[in-house]
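Asks: Structure file work_38.pdb (PDB, C-alpha atoms) right here:
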```pdb
ATOM      1  CA  MET A   1     -10.763 -13.929  -2.276
ATOM      2  CA  LYS A   2     -14.430 -14.677  -2.964
ATOM      3  CA  GLU A   3     -15.119 -11.127  -4.123
ATOM      4  CA  GLN A   4     -12.288 -11.415  -6.639
ATOM      5  CA  GLU A   5     -13.082 -14.849  -8.030
ATOM      6  CA  LYS A   6     -15.677 -13.526 -10.458
ATOM      7  CA  ASN A   7     -14.681 -12.938 -14.063
ATOM      8  CA  LEU A   8     -14.543  -9.196 -14.597
ATOM      9  CA  THR A   9     -15.034  -7.583 -17.962
ATOM     10  CA  LEU A  10     -12.958  -4.437 -17.749
ATOM     11  CA  SER A  11     -13.247  -1.759 -20.416
ATOM     12  CA  SER A  12     -12.617   1.916 -21.023
ATOM     13  CA  GLU A  13     -16.324   2.618 -20.441
ATOM     14  CA  LEU A  14     -16.058   1.644 -16.767
ATOM     15  CA  ASN A  15     -15.881   4.571 -14.373
ATOM     16  CA  HIS A  16     -16.205   3.059 -10.918
ATOM     17  CA  PRO A  17     -15.525   5.350  -7.953
ATOM     18  CA  GLY A  18     -12.645   4.292  -5.755
ATOM     19  CA  ARG A  19     -12.090   4.534  -2.021
ATOM     20  CA  VAL A  20      -8.845   6.459  -1.526
ATOM     21  CA  PHE A  21      -7.098   7.176   1.766
ATOM     22  CA  ASP A  22      -4.269   9.376   0.509
ATOM     23  CA  ILE A  23      -2.737  10.958  -2.576
ATOM     24  CA  GLN A  24       0.963  11.664  -2.114
ATOM     25  CA  ARG A  25       2.829  13.871  -4.566
ATOM     26  CA  PHE A  26       6.568  14.088  -5.376
ATOM     27  CA  SER A  27       7.503  10.524  -4.461
ATOM     28  CA  LEU A  28      10.913   9.265  -5.609
ATOM     29  CA  HIS A  29      10.801   5.668  -4.356
ATOM     30  CA  ASP A  30       7.725   4.091  -5.911
ATOM     31  CA  GLY A  31       8.682   3.682  -9.537
ATOM     32  CA  PRO A  32      10.883   5.642 -11.967
ATOM     33  CA  GLY A  33      11.068   9.421 -11.819
ATOM     34  CA  ILE A  34       8.883  11.771  -9.801
ATOM     35  CA  ARG A  35       5.542  10.130  -9.056
ATOM     36  CA  THR A  36       2.159  10.731  -7.495
ATOM     37  CA  ILE A  37       0.993   7.790  -5.362
ATOM     38  CA  VAL A  38      -2.703   7.025  -5.045
ATOM     39  CA  PHE A  39      -3.355   4.910  -1.941
ATOM     40  CA  LEU A  40      -6.496   2.755  -2.066
ATOM     41  CA  LYS A  41      -8.407   1.307   0.894
ATOM     42  CA  GLY A  42      -8.708  -2.422   1.464
ATOM     43  CA  CYS A  43      -6.221  -5.292   1.578
ATOM     44  CA  PRO A  44      -6.694  -9.083   1.769
ATOM     45  CA  LEU A  45      -3.547  -9.430   3.902
ATOM     46  CA  SER A  46      -3.085  -8.272   7.482
ATOM     47  CA  CYS A  47       0.704  -8.068   7.755
ATOM     48  CA  LEU A  48       1.810  -7.452  11.328
ATOM     49  CA  TRP A  49       4.352  -4.833  10.208
ATOM     50  CA  CYS A  50       2.070  -2.859   7.857
ATOM     51  CA  SER A  51       3.114   0.805   7.799
ATOM     52  CA  ASN A  52      -0.274   1.878   6.391
ATOM     53  CA  PRO A  53      -2.779   0.211   8.758
ATOM     54  CA  GLU A  54      -5.446   2.696   7.665
ATOM     55  CA  GLY A  55      -5.339   0.954   4.280
ATOM     56  CA  ILE A  56      -6.114  -2.567   5.511
ATOM     57  CA  SER A  57      -9.871  -2.166   5.991
ATOM     58  CA  TYR A  58     -12.035  -1.044   3.086
ATOM     59  CA  GLN A  59     -14.332   0.745   5.561
ATOM     60  CA  ARG A  60     -13.957   4.422   6.380
ATOM     61  CA  GLU A  61     -12.117   4.927   9.695
ATOM     62  CA  LEU A  62     -11.671   7.798  12.126
ATOM     63  CA  MET A  63      -8.081   8.627  13.024
ATOM     64  CA  TYR A  64      -7.097  10.775  16.022
ATOM     65  CA  PHE A  65      -3.662  12.401  16.413
ATOM     66  CA  PRO A  66      -3.427  13.716  20.003
ATOM     67  CA  ASN A  67      -0.219  15.669  19.320
ATOM     68  CA  LYS A  68      -2.249  17.969  17.057
ATOM     69  CA  CYS A  69      -5.186  18.383  19.449
ATOM     70  CA  ILE A  70      -5.589  21.873  20.980
ATOM     71  CA  GLY A  71      -8.360  20.822  23.375
ATOM     72  CA  CYS A  72     -11.018  23.113  21.921
ATOM     73  CA  GLN A  73     -13.659  20.345  22.055
ATOM     74  CA  THR A  74     -15.296  21.546  18.836
ATOM     75  CA  CYS A  75     -15.429  17.925  17.690
ATOM     76  CA  VAL A  76     -17.211  16.846  20.883
ATOM     77  CA  ASN A  77     -19.930  19.426  20.343
ATOM     78  CA  THR A  78     -20.202  18.546  16.640
ATOM     79  CA  CYS A  79     -20.539  14.746  16.783
ATOM     80  CA  PRO A  80     -24.193  13.762  16.144
ATOM     81  CA  LYS A  81     -23.664  10.332  17.729
ATOM     82  CA  THR A  82     -22.072  11.655  20.961
ATOM     83  CA  ALA A  83     -19.172   9.284  20.265
ATOM     84  CA  LEU A  84     -16.545  11.788  21.443
ATOM     85  CA  THR A  85     -15.694  12.993  24.931
ATOM     86  CA  PHE A  86     -12.833  15.090  26.295
ATOM     87  CA  LYS A  87     -11.108  13.652  29.354
ATOM     88  CA  LYS A  88      -7.731  14.356  30.932
ATOM     89  CA  GLY A  89      -6.627  16.587  28.085
ATOM     90  CA  THR A  90      -7.417  14.203  25.228
ATOM     91  CA  ILE A  91     -10.290  13.085  23.036
ATOM     92  CA  ARG A  92     -11.832   9.686  23.822
ATOM     93  CA  ILE A  93     -13.645   7.906  20.987
ATOM     94  CA  GLU A  94     -16.390   5.342  21.521
ATOM     95  CA  ARG A  95     -15.808   3.609  18.223
ATOM     96  CA  ASN A  96     -18.876   1.426  18.508
ATOM     97  CA  LYS A  97     -20.966   4.621  18.324
ATOM     98  CA  CYS A  98     -19.007   6.310  15.520
ATOM     99  CA  ASP A  99     -20.512   5.962  12.030
ATOM    100  CA  HIS A 100     -17.577   7.755  10.338
ATOM    101  CA  CYS A 101     -19.736  10.596   9.060
ATOM    102  CA  GLY A 102     -16.709  12.891   9.189
ATOM    103  CA  GLN A 103     -18.408  15.892  10.768
ATOM    104  CA  CYS A 104     -15.925  15.978  13.646
ATOM    105  CA  ALA A 105     -12.948  15.926  11.282
ATOM    106  CA  GLU A 106     -14.422  18.717   9.172
ATOM    107  CA  ALA A 107     -14.954  20.826  12.283
ATOM    108  CA  CYS A 108     -11.537  20.202  13.861
ATOM    109  CA  PRO A 109      -9.435  23.386  13.409
ATOM    110  CA  SER A 110      -6.107  21.639  14.066
ATOM    111  CA  GLU A 111      -6.705  18.524  11.925
ATOM    112  CA  ALA A 112      -6.259  16.255  14.923
ATOM    113  CA  LEU A 113      -9.135  14.153  13.588
ATOM    114  CA  ARG A 114      -9.166  12.689  10.101
ATOM    115  CA  ILE A 115     -11.376  10.272   8.203
ATOM    116  CA  SER A 116      -9.365   7.641   6.338
ATOM    117  CA  GLY A 117     -11.251   6.784   3.176
ATOM    118  CA  LYS A 118     -12.844   9.085   0.620
ATOM    119  CA  ASP A 119     -14.809   7.961  -2.425
ATOM    120  CA  LEU A 120     -13.404   9.675  -5.507
ATOM    121  CA  SER A 121     -14.166   9.412  -9.195
ATOM    122  CA  VAL A 122     -11.496   8.660 -11.774
ATOM    123  CA  GLU A 123     -11.803  12.249 -13.003
ATOM    124  CA  GLU A 124     -11.156  13.641  -9.518
ATOM    125  CA  VAL A 125      -8.027  11.532  -9.044
ATOM    126  CA  ILE A 126      -6.642  12.262 -12.507
ATOM    127  CA  LYS A 127      -7.218  15.990 -11.978
ATOM    128  CA  GLU A 128      -4.994  15.800  -8.902
ATOM    129  CA  VAL A 129      -2.384  13.660 -10.643
ATOM    130  CA  GLU A 130      -2.207  15.980 -13.649
ATOM    131  CA  LYS A 131      -1.026  18.864 -11.461
ATOM    132  CA  ASP A 132       2.507  17.484 -11.811
ATOM    133  CA  LEU A 133       2.537  16.595 -15.504
ATOM    134  CA  VAL A 134       5.601  18.730 -16.138
ATOM    135  CA  PHE A 135       7.572  16.808 -13.496
ATOM    136  CA  TYR A 136       6.590  13.466 -15.005
ATOM    137  CA  GLN A 137       7.680  14.613 -18.437
ATOM    138  CA  VAL A 138      11.086  15.794 -17.210
ATOM    139  CA  SER A 139      11.824  12.850 -14.892
ATOM    140  CA  GLY A 140      10.056   9.936 -16.598
ATOM    141  CA  GLY A 141       7.658   9.655 -13.673
ATOM    142  CA  GLY A 142       3.910   9.249 -13.466
ATOM    143  CA  ILE A 143       1.175   7.732 -11.336
ATOM    144  CA  THR A 144       1.696   4.830  -8.925
ATOM    145  CA  ILE A 145      -1.354   3.028  -7.560
ATOM    146  CA  SER A 146      -0.770   1.573  -4.109
ATOM    147  CA  GLY A 147      -2.671   0.690  -0.953
ATOM    148  CA  GLY A 148      -3.812  -1.183   0.931
ATOM    149  CA  GLU A 149      -3.921  -3.481  -2.060
ATOM    150  CA  PRO A 150      -4.989  -2.003  -5.436
ATOM    151  CA  MET A 151      -6.339  -5.347  -6.608
ATOM    152  CA  ASN A 152      -8.970  -5.062  -3.877
ATOM    153  CA  GLN A 153     -10.629  -2.467  -6.156
ATOM    154  CA  PRO A 154      -9.882  -3.804  -9.658
ATOM    155  CA  GLU A 155     -12.686  -2.002 -11.522
ATOM    156  CA  PHE A 156     -11.519   1.376 -10.256
ATOM    157  CA  VAL A 157      -7.863   0.544 -10.872
ATOM    158  CA  ILE A 158      -8.381  -0.404 -14.512
ATOM    159  CA  SER A 159     -10.450   2.737 -15.103
ATOM    160  CA  LEU A 160      -7.779   4.883 -13.469
ATOM    161  CA  LEU A 161      -4.961   3.256 -15.440
ATOM    162  CA  LEU A 162      -6.815   3.748 -18.723
ATOM    163  CA  ALA A 163      -7.478   7.402 -17.902
ATOM    164  CA  ALA A 164      -3.810   7.936 -17.021
ATOM    165  CA  LYS A 165      -2.660   6.371 -20.263
ATOM    166  CA  LYS A 166      -5.109   8.537 -22.213
ATOM    167  CA  ALA A 167      -3.503  11.565 -20.546
ATOM    168  CA  GLY A 168      -0.035  10.312 -21.517
ATOM    169  CA  ILE A 169       0.974   9.490 -17.942
ATOM    170  CA  ASN A 170       3.287   6.576 -17.133
ATOM    171  CA  THR A 171       1.599   3.978 -14.907
ATOM    172  CA  ALA A 172       2.954   1.892 -12.036
ATOM    173  CA  LEU A 173       1.319  -0.537  -9.630
ATOM    174  CA  GLU A 174       2.395  -1.675  -6.166
ATOM    175  CA  THR A 175       0.875  -5.020  -5.235
ATOM    176  CA  CYS A 176       1.120  -7.962  -2.869
ATOM    177  CA  GLY A 177      -0.081 -10.178  -5.731
ATOM    178  CA  TYR A 178      -2.944 -11.757  -3.794
ATOM    179  CA  ALA A 179      -5.647 -11.589  -6.467
ATOM    180  CA  ASN A 180      -7.624 -13.615  -8.952
ATOM    181  CA  THR A 181      -5.122 -14.300 -11.745
ATOM    182  CA  GLU A 182      -7.417 -13.492 -14.664
ATOM    183  CA  THR A 183      -8.424 -10.149 -13.188
ATOM    184  CA  PHE A 184      -4.816  -9.450 -12.209
ATOM    185  CA  LEU A 185      -3.593  -9.934 -15.774
ATOM    186  CA  GLN A 186      -6.322  -7.661 -17.116
ATOM    187  CA  VAL A 187      -5.060  -4.923 -14.822
ATOM    188  CA  LEU A 188      -1.398  -5.568 -15.651
ATOM    189  CA  ALA A 189      -2.105  -5.052 -19.348
ATOM    190  CA  GLN A 190      -2.340  -1.321 -18.536
ATOM    191  CA  VAL A 191       0.742  -1.158 -16.261
ATOM    192  CA  ASP A 192       4.111   0.199 -17.419
ATOM    193  CA  TYR A 193       6.029  -0.612 -14.240
ATOM    194  CA  LEU A 194       5.252  -3.210 -11.570
ATOM    195  CA  LEU A 195       6.431  -3.255  -7.946
ATOM    196  CA  TYR A 196       5.685  -6.706  -6.548
ATOM    197  CA  ASP A 197       6.048  -7.745  -2.915
ATOM    198  CA  ILE A 198       7.390 -11.168  -1.985
ATOM    199  CA  LYS A 199       7.448 -11.674   1.763
ATOM    200  CA  HIS A 200       8.283 -15.347   2.281
ATOM    201  CA  MET A 201       8.617 -18.656   0.440
ATOM    202  CA  TYR A 202       7.039 -20.851   3.152
ATOM    203  CA  PRO A 203       3.212 -20.846   2.998
ATOM    204  CA  GLN A 204       2.713 -21.702   6.679
ATOM    205  CA  LYS A 205       4.879 -18.880   7.958
ATOM    206  CA  HIS A 206       3.412 -16.504   5.402
ATOM    207  CA  ARG A 207      -0.078 -17.310   6.673
ATOM    208  CA  LYS A 208       0.942 -16.895  10.317
ATOM    209  CA  PHE A 209       2.286 -13.383   9.801
ATOM    210  CA  THR A 210      -0.016 -12.065   7.047
ATOM    211  CA  GLY A 211      -3.248 -14.038   7.427
ATOM    212  CA  LYS A 212      -2.968 -15.728   3.998
ATOM    213  CA  ASP A 213      -0.687 -18.302   2.412
ATOM    214  CA  ASN A 214       1.487 -17.361  -0.547
ATOM    215  CA  LYS A 215       0.543 -19.843  -3.277
ATOM    216  CA  ILE A 216      -1.448 -17.439  -5.456
ATOM    217  CA  ILE A 217       1.151 -14.696  -4.850
ATOM    218  CA  LEU A 218       4.017 -16.802  -6.192
ATOM    219  CA  GLU A 219       1.924 -18.055  -9.119
ATOM    220  CA  ASN A 220       0.853 -14.546 -10.058
ATOM    221  CA  LEU A 221       4.453 -13.366 -10.131
ATOM    222  CA  LYS A 222       5.216 -16.106 -12.661
ATOM    223  CA  GLN A 223       2.405 -14.731 -14.822
ATOM    224  CA  ALA A 224       3.369 -11.093 -14.265
ATOM    225  CA  VAL A 225       6.839 -11.512 -15.795
ATOM    226  CA  LYS A 226       5.145 -12.529 -19.046
ATOM    227  CA  THR A 227       3.004  -9.399 -19.093
ATOM    228  CA  VAL A 228       5.029  -6.485 -17.694
ATOM    229  CA  SER A 229       8.471  -5.748 -19.100
ATOM    230  CA  CYS A 230       9.601  -3.489 -16.221
ATOM    231  CA  LEU A 231       9.297  -5.239 -12.867
ATOM    232  CA  THR A 232      10.939  -4.950  -9.470
ATOM    233  CA  VAL A 233      10.398  -7.413  -6.642
ATOM    234  CA  ARG A 234      10.412  -5.900  -3.182
ATOM    235  CA  VAL A 235      11.134  -7.784   0.037
ATOM    236  CA  PRO A 236      10.124  -6.138   3.330
ATOM    237  CA  LEU A 237      12.837  -7.379   5.677
ATOM    238  CA  ILE A 238      11.133  -8.116   8.983
ATOM    239  CA  PRO A 239      12.962  -9.234  12.173
ATOM    240  CA  GLY A 240      11.805 -12.679  13.264
ATOM    241  CA  PHE A 241       9.883 -13.276  10.063
ATOM    242  CA  ASN A 242      12.200 -13.352   7.038
ATOM    243  CA  ASP A 243      15.502 -11.760   8.003
ATOM    244  CA  SER A 244      17.608 -14.923   8.120
ATOM    245  CA  SER A 245      20.116 -15.475   5.326
ATOM    246  CA  GLU A 246      18.397 -18.735   4.393
ATOM    247  CA  GLU A 247      14.975 -17.156   4.018
ATOM    248  CA  VAL A 248      16.211 -14.183   2.028
ATOM    249  CA  MET A 249      18.347 -16.312  -0.282
ATOM    250  CA  GLU A 250      15.374 -18.583  -1.010
ATOM    251  CA  ILE A 251      13.388 -15.550  -2.138
ATOM    252  CA  ALA A 252      16.324 -14.377  -4.257
ATOM    253  CA  SER A 253      16.628 -17.826  -5.835
ATOM    254  CA  PHE A 254      12.948 -17.847  -6.784
ATOM    255  CA  VAL A 255      13.089 -14.324  -8.203
ATOM    256  CA  SER A 256      16.233 -15.072 -10.175
ATOM    257  CA  SER A 257      14.691 -18.238 -11.628
ATOM    258  CA  LEU A 258      12.048 -16.042 -13.284
ATOM    259  CA  SER A 259      14.747 -13.942 -15.011
ATOM    260  CA  ILE A 260      13.838 -10.914 -12.920
ATOM    261  CA  THR A 261      16.892  -8.709 -12.456
ATOM    262  CA  SER A 262      15.734  -6.032  -9.980
ATOM    263  CA  LEU A 263      15.217  -6.644  -6.260
ATOM    264  CA  ASP A 264      14.600  -4.116  -3.479
ATOM    265  CA  ILE A 265      15.190  -4.905   0.191
ATOM    266  CA  LEU A 266      13.097  -2.744   2.521
ATOM    267  CA  PRO A 267      14.294  -2.916   6.166
ATOM    268  CA  TYR A 268      11.540  -2.792   8.789
ATOM    269  CA  HIS A 269      10.899   0.599  10.384
ATOM    270  CA  ARG A 270       8.506   1.806  13.079
ATOM    271  CA  LEU A 271       6.985   4.782  11.247
ATOM    272  CA  GLY A 272       3.520   3.243  11.110
ATOM    273  CA  LEU A 273       3.120   2.625  14.864
ATOM    274  CA  SER A 274       1.509   6.003  15.562
ATOM    275  CA  LYS A 275      -1.133   5.239  12.930
ATOM    276  CA  TYR A 276      -2.235   2.141  14.827
ATOM    277  CA  ARG A 277      -2.727   4.267  17.932
ATOM    278  CA  SER A 278      -4.651   6.872  15.935
ATOM    279  CA  LEU A 279      -7.057   4.112  14.853
ATOM    280  CA  GLY A 280      -7.446   2.793  18.396
ATOM    281  CA  LYS A 281      -5.644  -0.417  17.426
ATOM    282  CA  LEU A 282      -2.650  -2.343  18.713
ATOM    283  CA  SER A 283       0.330  -3.159  16.515
ATOM    284  CA  GLY A 284       1.878  -6.620  16.616
ATOM    285  CA  MET A 285       5.298  -4.980  16.230
ATOM    286  CA  ASP A 286       5.362  -2.619  19.228
ATOM    287  CA  ARG A 287       8.384  -4.310  20.787
ATOM    288  CA  ILE A 288      10.280  -5.032  17.580
ATOM    289  CA  LYS A 289      13.262  -2.792  16.930
ATOM    290  CA  PRO A 290      14.000  -1.412  13.441
ATOM    291  CA  LEU A 291      16.319  -3.587  11.383
ATOM    292  CA  GLU A 292      19.895  -2.365  11.163
ATOM    293  CA  ARG A 293      20.739  -1.124   7.679
ATOM    294  CA  SER A 294      24.079  -2.923   7.902
ATOM    295  CA  ARG A 295      22.200  -6.231   8.035
ATOM    296  CA  ALA A 296      20.286  -5.347   4.883
ATOM    297  CA  GLU A 297      23.511  -4.338   3.142
ATOM    298  CA  GLU A 298      25.103  -7.643   4.158
ATOM    299  CA  LEU A 299      22.221  -9.557   2.568
ATOM    300  CA  LYS A 300      22.417  -7.384  -0.535
ATOM    301  CA  TYR A 301      26.047  -8.412  -1.131
ATOM    302  CA  LYS A 302      25.277 -12.080  -0.536
ATOM    303  CA  ILE A 303      22.490 -12.017  -3.094
ATOM    304  CA  GLU A 304      24.530 -10.170  -5.721
ATOM    305  CA  GLU A 305      27.442 -12.571  -5.280
ATOM    306  CA  LYS A 306      25.267 -15.572  -6.131
ATOM    307  CA  TYR A 307      22.557 -14.279  -8.490
ATOM    308  CA  LEU A 308      22.294 -11.925 -11.449
ATOM    309  CA  LEU A 309      20.219  -9.513  -9.449
ATOM    310  CA  LYS A 310      20.664  -5.797  -8.954
ATOM    311  CA  VAL A 311      19.748  -5.264  -5.304
ATOM    312  CA  ARG A 312      18.795  -1.916  -3.791
ATOM    313  CA  VAL A 313      18.380  -1.303  -0.065
ATOM    314  CA  GLY A 314      15.500   1.059   0.625
ATOM    315  CA  GLY A 315      15.838   3.986   2.978
TER     316      GLY A 315
END
```
Could you express the structure from this file as structure tokens?
Replies:
Amino acid sequence: MKEQEKNLTLSSELNHPGRVFDIQRFSLHDGPGIRTIVFLKGCPLSCLWCSNPEGISYQRELMYFPNKCIGCQTCVNTCPKTALTFKKGTIRIERNKCDHCGQCAEACPSEALRISGKDLSVEEVIKEVEKDLVFYQVSGGGITISGGEPMNQPEFVISLLLAAKKAGINTALETCGYANTETFLQVLAQVDYLLYDIKHMYPQKHRKFTGKDNKIILENLKQAVKTVSCLTVRVPLIPGFNDSSEEVMEIASFVSSLSITSLDILPYHRLGLSKYRSLGKLSGMDRIKPLERSRAEELKYKIEEKYLLKVRVGG
């Protein structure tokens, strides 16, 4: 957290570029109404189950999707670093040679290669978000800033939130809460709706599975409830990590004690595994099966029986 421990003075004059890895339109599950999600690069956590591994590192990364490759070898002939070769019907990447210039991805006719991470200005992002203004107005939707972890780029986030508000767009933030508290609260002052992840109550287990303990995360949630009126806590339900009744009920107890009334349970799925392979990385969840929805529903009823929480099971 050393980069985040400085005191930031955030104002409407700031216009820092941000490193974005995706902009997804017409989302229905990341805040109220129809929303456009802006995914930012960089995250202080390294959760084993992350479904967006291309968002963990702040650095630009080359992704390769062999199912899209047509074997034309245009990328091989384009790469100035000779980092690409074509062997046995697939592209091989020497990642220690690759400088992520993006020339291969630009040349690829089938989009089998893609650079994750593009530096965009606030104006460029807002221009994309504003394409769906009519849908926000009808549905009560807006922009949701996600990641990675948005608080890894706080200057850009505050500038983007201010620009969205100026355009009359509802703002939402998805966060793991691992951030300098003072900076975090400055960002939250511009947020209409907060989606806050709580993964575990035990710091040792949290550190083992995410790389960081949870002290600042739990403390920041206590502060967030004083700042944002609309807040939902989300619990990714991960087999072998936090899927026992005891662990889930401890999270529910903590959330309820803060007078939060909305809790989402998100059962583990395997949709992100192909992204790890596209990055040339291994996932720590390769052998873990998706969590049965019936188990999540069972936990939902247990929580609602004991606490004044409205629990939703994600799809």
Asks: The centre and edge lengths of an axis-aligned box containing all atoms of segment 183-195 of chain A present in the file, extended by 6 Å on each side, are to be given in Å to one decimal, as AutoDock Vina command-line options.
Replies:
```
--center_x -1.0 --center_y -5.0 --center_z -13.6 --size_x 26.9 --size_y 22.3 --size_z 23.4
```
Asks: Run the PyMOL selection byres ((chain A and resi 217-233) around 10) against the file shown and list the residues it catches, as a VMD selection string.
Replies: chain A and resid 31 172 to 182 184 to 186 188 to 201 212 to 216 234 to 235 251 to 252 254 to 255 257 to 265 310 to 311
Asks: If we count only C-alpha atoms, what is near Tyr136 of chain A at a cut-off of 9 Å, once residues fewer than 6 positions away on the same chain are taken out, given as a ChimeraX atom specification?
Replies: /A:33-35,142-143,169-170
Asks: Take the selection from the previous step and output its residues with C-alpha atoms, as a CSV table (one decimal), keeping the file's coordinate frame.
Replies:
```
chain,number,residue,atom,x,y,z
A,33,GLY,CA,11.1,9.4,-11.8
A,34,ILE,CA,8.9,11.8,-9.8
A,35,ARG,CA,5.5,10.1,-9.1
A,142,GLY,CA,3.9,9.2,-13.5
A,143,ILE,CA,1.2,7.7,-11.3
A,169,ILE,CA,1.0,9.5,-17.9
A,170,ASN,CA,3.3,6.6,-17.1
```
Asks: Can you tell me, as an NGL selection string, what residues are no more than 10 Å from Pro154 of chain A when counting all atoms listed in the file, ignoring any on the same chain fewer than 2 positions away?
Replies: :A and (4 or 8 or 10 or 16 or 18 or 149-152 or 156-160 or 179 or 183-184 or 186-187)
Asks: On this file, the PyMOL selection byres ((chain A and resi 65) around 9) gives some set of residues; write that set as a list of chain:residue names.
Replies: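 Evaluating the PyMOL selection byres ((chain A and resi 65) around 9) on this file yields A:Met63, A:Tyr64, A:Pro66, A:Asn67, A:Lys68, A:Cys69, A:Glu111, A:Ala112, A:Leu113, A:Arg114, A:Ser274, A:Lys275, A:Arg277, A:Ser278.
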Asks: Pick from A:Thr74, A:Ser110, A:Thr210, A:Ser245: nearest to Gly284 of chain A, with all atoms listed in the file counted?
Replies: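 So, comparing all the options, the nearest one is A:Thr210.
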Asks: What does the PyMOL selection byres ((chain A and resi 78) around 8) select in this file, as a CSV table (one decimal) with C-alpha atoms, in the coordinates of the input?
Replies:
```csv
chain,number,residue,atom,x,y,z
A,74,THR,CA,-15.3,21.5,18.8
A,75,CYS,CA,-15.4,17.9,17.7
A,76,VAL,CA,-17.2,16.8,20.9
A,77,ASN,CA,-19.9,19.4,20.3
A,79,CYS,CA,-20.5,14.7,16.8
A,80,PRO,CA,-24.2,13.8,16.1
A,103,GLN,CA,-18.4,15.9,10.8
A,104,CYS,CA,-15.9,16.0,13.6
A,107,ALA,CA,-15.0,20.8,12.3
```
Asks: Find, counting only C-alpha atoms, the residue in A:Lys88, A:Gly148, A:Thr171, A:Leu266 that gets nearest to Asn242 of chain A.
Replies: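 The shortest atom-to-atom distance to Asn242 of chain A comes from A:Leu266.
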Asks: Enter the distance from atom CA of Ser57 of chain A to atom CA of Lys131 of chain A, in Å, rounded to one decimal.
Replies: 28.7 Å
Asks: Leu237 of chain A: which residues within 6 Å, counting only C-alpha atoms, same-chain residues fewer than 4 positions away excluded, as a list in words?
Replies: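 Within the cut-off, the hits are Asp243, Leu266, Pro267 and Tyr268 of chain A.
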Asks: What's the separation between atom CA of Gly240 of chain A and atom CA of Val313 of chain A, in Å to one decimal place?
Replies: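 Result for atom CA of Gly240 of chain A versus atom CA of Val313 of chain A: 18.7 Å, one decimal.
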Asks: Using all atoms listed in the file, which residue out of A:Lys97, A:Phe26, A:Phe241, A:Tyr58 lies closest to Val134 of chain A?
Replies: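 Among the listed residues, A:Phe26 lies closest to Val134 of chain A.
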Asks: Mind pulling up the distance from atom CA of Cys101 of chain A to atom CA of Ser116 of chain A?
Replies: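 For atom CA of Ser116 of chain A relative to atom CA of Cys101 of chain A, the distance reads 11.1 Å.
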Asks: Compare A:Ile56, A:Leu308, A:Ile303, A:Leu40 by their minimum atom-to-atom distance to Gln153 of chain A, counting all atoms listed in the file, and give me the closest one.
Replies: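 Under the stated criterion, the closest residue is A:Leu40.
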Asks: Let me make sure I understand: among A:Glu305, A:Glu155, A:Asp119, A:Glu130, which one has the smallest atom-to-atom distance to Gln59 of chain A if we use only C-alpha atoms?
Replies: A:Asp119
Asks: Choose the residue, out of A:Leu279, A:Ile145, A:Ile115, A:Ile37, that has the smallest atom-to-atom separation from Arg60 of chain A; count all atoms listed in the file.
Replies: A:Ile115
